[in-house]
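Visitor: upload.cif (mmCIF, C-alpha atoms) pasted underneath:
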data_input
#
loop_
_atom_site.group_PDB
_atom_site.id
_atom_site.type_symbol
_atom_site.label_atom_id
_atom_site.label_comp_id
_atom_site.auth_asym_id
_atom_site.auth_seq_id
_atom_site.Cartn_x
_atom_site.Cartn_y
_atom_site.Cartn_z
ATOM 1 C CA MET A 1 17.654 8.357 -8.992
ATOM 2 C CA PHE A 2 17.206 12.002 -9.950
ATOM 3 C CA THR A 3 16.650 15.440 -8.391
ATOM 4 C CA GLY A 4 13.973 16.921 -10.645
ATOM 5 C CA ILE A 5 16.356 19.601 -11.927
ATOM 6 C CA VAL A 6 16.026 19.506 -15.719
ATOM 7 C CA THR A 7 19.388 19.724 -17.504
ATOM 8 C CA ASP A 8 18.234 19.806 -21.129
ATOM 9 C CA VAL A 9 15.136 19.841 -23.310
ATOM 10 C CA GLY A 10 15.498 17.072 -25.877
ATOM 11 C CA GLU A 11 13.624 16.446 -29.115
ATOM 12 C CA ILE A 12 12.154 13.217 -30.466
ATOM 13 C CA THR A 13 13.781 12.708 -33.886
ATOM 14 C CA ALA A 14 12.696 9.126 -34.617
ATOM 15 C CA LEU A 15 10.259 6.546 -33.323
ATOM 16 C CA THR A 16 9.827 2.942 -34.379
ATOM 17 C CA PRO A 17 8.227 -0.206 -32.973
ATOM 18 C CA GLY A 18 10.354 -1.803 -30.238
ATOM 19 C CA GLY A 19 11.579 -5.362 -29.893
ATOM 20 C CA GLN A 20 8.323 -6.658 -28.368
ATOM 21 C CA ALA A 21 4.771 -6.185 -29.605
ATOM 22 C CA GLY A 22 3.365 -2.928 -28.239
ATOM 23 C CA ASP A 23 6.798 -1.527 -27.378
ATOM 24 C CA ARG A 24 8.295 1.568 -28.988
ATOM 25 C CA LYS A 25 11.800 2.883 -29.597
ATOM 26 C CA PHE A 26 12.511 6.617 -29.422
ATOM 27 C CA VAL A 27 15.582 8.521 -30.590
ATOM 28 C CA VAL A 28 16.175 11.736 -28.645
ATOM 29 C CA LYS A 29 18.424 14.607 -29.717
ATOM 30 C CA THR A 30 20.183 16.272 -26.791
ATOM 31 C CA LYS A 31 22.730 18.970 -25.984
ATOM 32 C CA HIS A 32 24.352 16.611 -23.483
ATOM 33 C CA ASP A 33 27.700 15.139 -24.497
ATOM 34 C CA MET A 34 26.795 11.478 -24.704
ATOM 35 C CA THR A 35 30.419 10.290 -24.922
ATOM 36 C CA PRO A 36 30.793 9.587 -21.164
ATOM 37 C CA ILE A 37 27.255 8.189 -20.804
ATOM 38 C CA ALA A 38 27.411 4.398 -20.615
ATOM 39 C CA MET A 39 25.133 2.079 -22.522
ATOM 40 C CA GLY A 40 22.463 0.973 -20.058
ATOM 41 C CA ALA A 41 22.595 4.281 -18.170
ATOM 42 C CA SER A 42 19.361 5.814 -16.912
ATOM 43 C CA ILE A 43 18.023 9.135 -18.188
ATOM 44 C CA ALA A 44 14.804 10.731 -16.952
ATOM 45 C CA CYS A 45 12.666 11.648 -19.960
ATOM 46 C CA SER A 46 9.842 13.971 -18.881
ATOM 47 C CA GLY A 47 9.903 12.231 -15.527
ATOM 48 C CA CYS A 48 10.147 8.640 -16.739
ATOM 49 C CA CYS A 49 13.365 6.738 -16.011
ATOM 50 C CA LEU A 50 14.481 5.117 -19.277
ATOM 51 C CA THR A 51 17.527 3.052 -20.266
ATOM 52 C CA VAL A 52 19.970 4.075 -23.002
ATOM 53 C CA VAL A 53 20.075 1.278 -25.599
ATOM 54 C CA ASP A 54 21.998 3.141 -28.316
ATOM 55 C CA LYS A 55 23.699 6.524 -28.634
ATOM 56 C CA GLY A 56 25.734 8.954 -30.703
ATOM 57 C CA ALA A 57 27.561 12.186 -29.931
ATOM 58 C CA ASP A 58 24.355 14.217 -29.491
ATOM 59 C CA TRP A 59 21.561 11.624 -29.375
ATOM 60 C CA PHE A 60 20.432 8.532 -27.548
ATOM 61 C CA ALA A 61 17.804 5.857 -28.045
ATOM 62 C CA VAL A 62 15.481 4.255 -25.505
ATOM 63 C CA GLU A 63 12.986 1.420 -25.704
ATOM 64 C CA VAL A 64 9.660 1.841 -23.918
ATOM 65 C CA SER A 65 7.369 -1.032 -22.980
ATOM 66 C CA GLY A 66 3.683 -1.094 -23.798
ATOM 67 C CA GLU A 67 2.957 -0.903 -20.054
ATOM 68 C CA THR A 68 4.923 2.356 -19.740
ATOM 69 C CA LEU A 69 3.263 3.782 -22.849
ATOM 70 C CA ASP A 70 -0.126 3.086 -21.242
ATOM 71 C CA LYS A 71 0.704 4.420 -17.762
ATOM 72 C CA THR A 72 2.442 7.672 -18.847
ATOM 73 C CA HIS A 73 2.003 10.200 -21.642
ATOM 74 C CA LEU A 74 4.914 8.657 -23.566
ATOM 75 C CA GLY A 75 2.306 6.986 -25.763
ATOM 76 C CA ASP A 76 1.424 10.488 -27.048
ATOM 77 C CA TRP A 77 4.982 11.278 -28.205
ATOM 78 C CA GLN A 78 5.432 12.081 -31.878
ATOM 79 C CA LEU A 79 8.271 13.388 -34.039
ATOM 80 C CA GLY A 80 9.388 16.846 -32.932
ATOM 81 C CA ARG A 81 8.033 16.462 -29.389
ATOM 82 C CA HIS A 82 10.184 18.278 -26.811
ATOM 83 C CA ILE A 83 10.851 16.470 -23.530
ATOM 84 C CA ASN A 84 12.594 17.313 -20.266
ATOM 85 C CA LEU A 85 15.866 15.455 -19.681
ATOM 86 C CA GLU A 86 17.906 14.779 -16.560
ATOM 87 C CA LEU A 87 20.940 12.524 -16.225
ATOM 88 C CA SER A 88 20.974 10.205 -13.227
ATOM 89 C CA LEU A 89 22.262 11.484 -9.902
ATOM 90 C CA LYS A 90 25.855 10.631 -8.966
ATOM 91 C CA LEU A 91 27.093 10.232 -5.407
ATOM 92 C CA GLY A 92 28.265 13.652 -4.230
ATOM 93 C CA ASP A 93 26.098 15.629 -6.678
ATOM 94 C CA GLU A 94 24.125 18.578 -5.314
ATOM 95 C CA LEU A 95 20.521 17.678 -4.499
ATOM 96 C CA GLY A 96 18.939 20.849 -5.820
ATOM 97 C CA GLY A 97 15.340 19.626 -6.005
ATOM 98 C CA HIS A 98 14.036 16.563 -4.168
ATOM 99 C CA LEU A 99 14.601 12.830 -4.550
ATOM 100 C CA VAL A 100 12.871 11.749 -7.743
ATOM 101 C CA TYR A 101 12.846 8.091 -8.760
ATOM 102 C CA GLY A 102 11.629 8.366 -12.336
ATOM 103 C CA HIS A 103 8.659 6.091 -11.564
ATOM 104 C CA VAL A 104 5.594 7.906 -12.876
ATOM 105 C CA ASP A 105 2.621 7.474 -10.520
ATOM 106 C CA GLY A 106 -0.028 8.756 -12.887
ATOM 107 C CA VAL A 107 -0.939 11.203 -15.616
ATOM 108 C CA GLY A 108 -2.502 14.550 -14.754
ATOM 109 C CA LYS A 109 -3.374 17.546 -16.878
ATOM 110 C CA ILE A 110 -2.926 21.301 -16.945
ATOM 111 C CA VAL A 111 -6.249 22.925 -16.071
ATOM 112 C CA SER A 112 -5.273 26.584 -16.374
ATOM 113 C CA MET A 113 -2.341 28.989 -16.685
ATOM 114 C CA THR A 114 -2.600 32.518 -15.294
ATOM 115 C CA PRO A 115 0.195 35.140 -15.400
ATOM 116 C CA GLU A 116 1.061 36.484 -11.925
ATOM 117 C CA GLY A 117 3.804 39.107 -11.973
ATOM 118 C CA GLY A 118 6.955 37.442 -13.316
ATOM 119 C CA SER A 119 5.578 33.928 -12.963
ATOM 120 C CA VAL A 120 2.648 31.894 -14.225
ATOM 121 C CA ARG A 121 0.190 30.187 -11.879
ATOM 122 C CA PHE A 122 -0.432 26.674 -13.181
ATOM 123 C CA VAL A 123 -3.364 24.650 -11.885
ATOM 124 C CA PHE A 124 -2.962 20.905 -12.400
ATOM 125 C CA GLU A 125 -5.482 18.120 -11.960
ATOM 126 C CA ALA A 126 -4.246 14.816 -10.554
ATOM 127 C CA PRO A 127 -5.908 11.398 -10.696
ATOM 128 C CA ALA A 128 -8.122 10.919 -7.623
ATOM 129 C CA ASP A 129 -5.948 8.141 -6.201
ATOM 130 C CA LEU A 130 -2.881 10.430 -6.193
ATOM 131 C CA ALA A 131 -4.534 13.532 -4.735
ATOM 132 C CA ARG A 132 -4.153 12.299 -1.143
ATOM 133 C CA PHE A 133 -0.349 12.348 -1.552
ATOM 134 C CA ILE A 134 -0.229 16.023 -2.621
ATOM 135 C CA ALA A 135 0.060 18.628 0.141
ATOM 136 C CA PRO A 136 0.635 22.397 0.312
ATOM 137 C CA LYS A 137 4.385 23.198 0.489
ATOM 138 C CA GLY A 138 5.126 19.595 -0.428
ATOM 139 C CA SER A 139 7.187 18.461 -3.411
ATOM 140 C CA ILE A 140 5.960 16.884 -6.629
ATOM 141 C CA ALA A 141 7.599 16.066 -9.961
ATOM 142 C CA VAL A 142 5.652 17.277 -12.994
ATOM 143 C CA ASP A 143 7.114 15.936 -16.253
ATOM 144 C CA GLY A 144 10.298 15.352 -14.274
ATOM 145 C CA ILE A 145 10.488 18.896 -12.846
ATOM 146 C CA SER A 146 10.821 19.235 -9.070
ATOM 147 C CA LEU A 147 8.166 21.735 -7.980
ATOM 148 C CA THR A 148 6.694 23.018 -4.722
ATOM 149 C CA VAL A 149 2.923 22.877 -4.322
ATOM 150 C CA ASN A 150 1.274 26.175 -3.335
ATOM 151 C CA GLU A 151 -2.248 25.028 -2.560
ATOM 152 C CA VAL A 152 -4.482 21.991 -2.938
ATOM 153 C CA GLU A 153 -8.233 21.881 -3.515
ATOM 154 C CA GLY A 154 -9.730 18.457 -4.072
ATOM 155 C CA ASN A 155 -7.713 16.748 -6.770
ATOM 156 C CA ARG A 156 -6.385 20.045 -8.132
ATOM 157 C CA PHE A 157 -3.212 21.810 -7.038
ATOM 158 C CA GLY A 158 -1.582 25.128 -7.904
ATOM 159 C CA ILE A 159 2.075 25.933 -8.534
ATOM 160 C CA ASN A 160 3.751 29.194 -9.519
ATOM 161 C CA ILE A 161 6.248 28.571 -12.328
ATOM 162 C CA ILE A 162 8.967 31.212 -12.388
ATOM 163 C CA SER A 163 10.379 32.569 -15.656
ATOM 164 C CA HIS A 164 13.637 30.583 -15.324
ATOM 165 C CA THR A 165 11.757 27.289 -15.051
ATOM 166 C CA GLN A 166 9.624 28.258 -18.045
ATOM 167 C CA ALA A 167 12.790 29.012 -20.046
ATOM 168 C CA VAL A 168 14.662 25.763 -19.313
ATOM 169 C CA THR A 169 11.809 23.225 -19.331
ATOM 170 C CA THR A 170 8.866 22.289 -21.528
ATOM 171 C CA LEU A 171 6.492 24.243 -19.264
ATOM 172 C CA GLY A 172 7.457 27.397 -21.141
ATOM 173 C CA LYS A 173 5.435 26.150 -24.125
ATOM 174 C CA ALA A 174 2.737 24.285 -22.219
ATOM 175 C CA THR A 175 -0.978 24.727 -22.932
ATOM 176 C CA PRO A 176 -4.146 24.081 -20.904
ATOM 177 C CA GLY A 177 -5.428 20.545 -21.371
ATOM 178 C CA GLN A 178 -1.921 19.170 -21.877
ATOM 179 C CA ARG A 179 -1.218 15.853 -20.135
ATOM 180 C CA VAL A 180 1.684 15.687 -17.659
ATOM 181 C CA ASN A 181 3.497 12.842 -15.920
ATOM 182 C CA LEU A 182 3.228 13.047 -12.126
ATOM 183 C CA GLU A 183 5.448 11.488 -9.467
ATOM 184 C CA VAL A 184 4.436 12.184 -5.881
ATOM 185 C CA ASP A 185 6.996 12.611 -3.110
ATOM 186 C CA MET A 186 8.049 9.187 -1.805
ATOM 187 C CA LEU A 187 7.960 10.518 1.773
ATOM 188 C CA ALA A 188 4.239 11.228 1.344
ATOM 189 C CA ARG A 189 3.711 7.636 0.252
ATOM 190 C CA TYR A 190 5.445 6.274 3.347
ATOM 191 C CA VAL A 191 3.504 8.578 5.671
ATOM 192 C CA GLN A 192 0.238 7.454 4.065
ATOM 193 C CA ARG A 193 1.270 3.819 4.445
ATOM 194 C CA LEU A 194 2.098 4.341 8.122
ATOM 195 C CA LEU A 195 -1.266 5.986 8.708
ATOM 196 C CA GLU A 196 -3.082 3.123 6.980
ATOM 197 C CA HIS A 197 -1.099 0.502 8.883
ATOM 198 C CA GLY A 198 -1.774 2.288 12.167
ATOM 199 C CA ARG A 199 -5.522 1.900 11.627
ATOM 200 C CA THR A 200 -5.372 -1.876 11.154
#
Rewrite the coordinates I just gave you, this time as structure tokens.
Guide:
Amino acid sequence: MFTGIVTDVGEITALTPGGQAGDRKFVVKTKHDMTPIAMGASIACSGCCLTVVDKGADWFAVEVSGETLDKTHLGDWQLGRHINLELSLKLGDELGGHLVYGHVDGVGKIVSMTPEGGSVRFVFEAPADLARFIAPKGSIAVDGISLTVNEVEGNRFGINIISHTQAVTTLGKATPGQRVNLEVDMLARYVQRLLEHGRT
């Protein structure tokens, strides 16, 4: 489990086929000290919870299944790609964002980016089946970043990204048309399920 507070921006330094057909192995360079990180630990990589299968002092490797490559934008990753990283939440850690599970619900895209004072107004487009879970003032994880939704119109939603968030995440170098991993707030899923169940 994670909080959506990015703790490093890593870089893909190697990629090779994984152990199974269609799988892929990525090596990620990081500023995190990997010494205390156990083999098998979970790290959120641009919002996707992945398992450490190998590591060094300043790098770690993960294997990604063909299913995950298809359902996220991890299939787009190439050498030099920068990704948001967050180590898993420990009991007693501060919950600075919201509860993020690292289970990507779908892939959206950046529609537009407009400077507004010291921030940038991003408009994202979500897959139609996820739009019903996105609400104004609600939480959403975009490439693993915990963000608060400003407004929703159809399957598009707007978020103001402050300069700090731009500086410490990949959104600082984002471009319109770029694909992003989306994870909706789990509370919204449960509310929707209750509403559906109440109608049956």
Visitor: May I ask for the distance between CA of Val100 in chain A and CA of Cys49 in chain A, given in Å to one decimal place?
Guide: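 Atom-to-atom, CA of Val100 in chain A to CA of Cys49 in chain A, that is 9.7 Å.
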Visitor: With distances taken over all atoms listed in the file, which residue among A:Cys45, A:Ala135, A:Met34, A:Ile159 lies nearest His82 in chain A?
Guide: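 Checking each candidate against His82 in chain A, we get A:Cys45 as the closest.
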Visitor: Would you translate the PyMOL selection byres ((chain A and resi 137) around 10) into the concrete set of residues it matches in this file, as number ranges by chain?
Guide: A: 134-136, 138-140, 147-152, 159
Visitor: Name the residues that the PyMOL selection byres ((chain A and resi 85) around 12) pulls out of this structure, and write them as a VMD selection string.
Guide: chain A and resid 2 to 12 28 to 32 42 to 50 59 to 60 82 to 84 86 to 88 102 143 to 145 168 to 170
Visitor: Figure out the distance between CA of Gly172 in chain A and CA of Glu67 in chain A, please, to one decimal in Å.
Guide: 28.7 Å
Visitor: Would you kindly return, as a list in words, each protein, DNA or RNA residue with an atom no farther than 9 Å from any atom of range 109-112 of chain A, considering all atoms listed in the file and excluding same-chain residues fewer than 4 positions away?
Guide: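 Neighbouring residues, sequence-local ones excluded: Arg121, Phe122, Val123, Phe124, Glu125, Ala126, Arg156, Ala174, Thr175, Pro176, Gly177, Gln178, Arg179, Val180 and Asn181 of chain A.
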Visitor: How many Å lie between CA of Gly154 in chain A and CA of Phe133 in chain A, rounded to one decimal?
Guide: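 Pair CA of Gly154 in chain A / CA of Phe133 in chain A returns 11.5 Å.
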Visitor: Would you mind telling me which residue in A:Gly18, A:Ile161, A:Val104, A:Thr13 lies nearest to Asp185 in chain A when using all atoms listed in the file?
Guide: A:Val104
Visitor: Compare A:Asp23, A:Gly80, A:Ile37, A:Leu89 by their minimum atom-to-atom distance to Gly66 in chain A, counting only C-alpha atoms, and give me the closest one.
Guide: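 Ranked by minimum distance to Gly66 in chain A, first place goes to A:Asp23.
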Visitor: Convert the output of the PyMOL selection byres ((chain A and resi 183) around 6) on the shown file into explicit residues, formatted as a ChimeraX atom specification.
Guide: /A:104-105,141,182,184
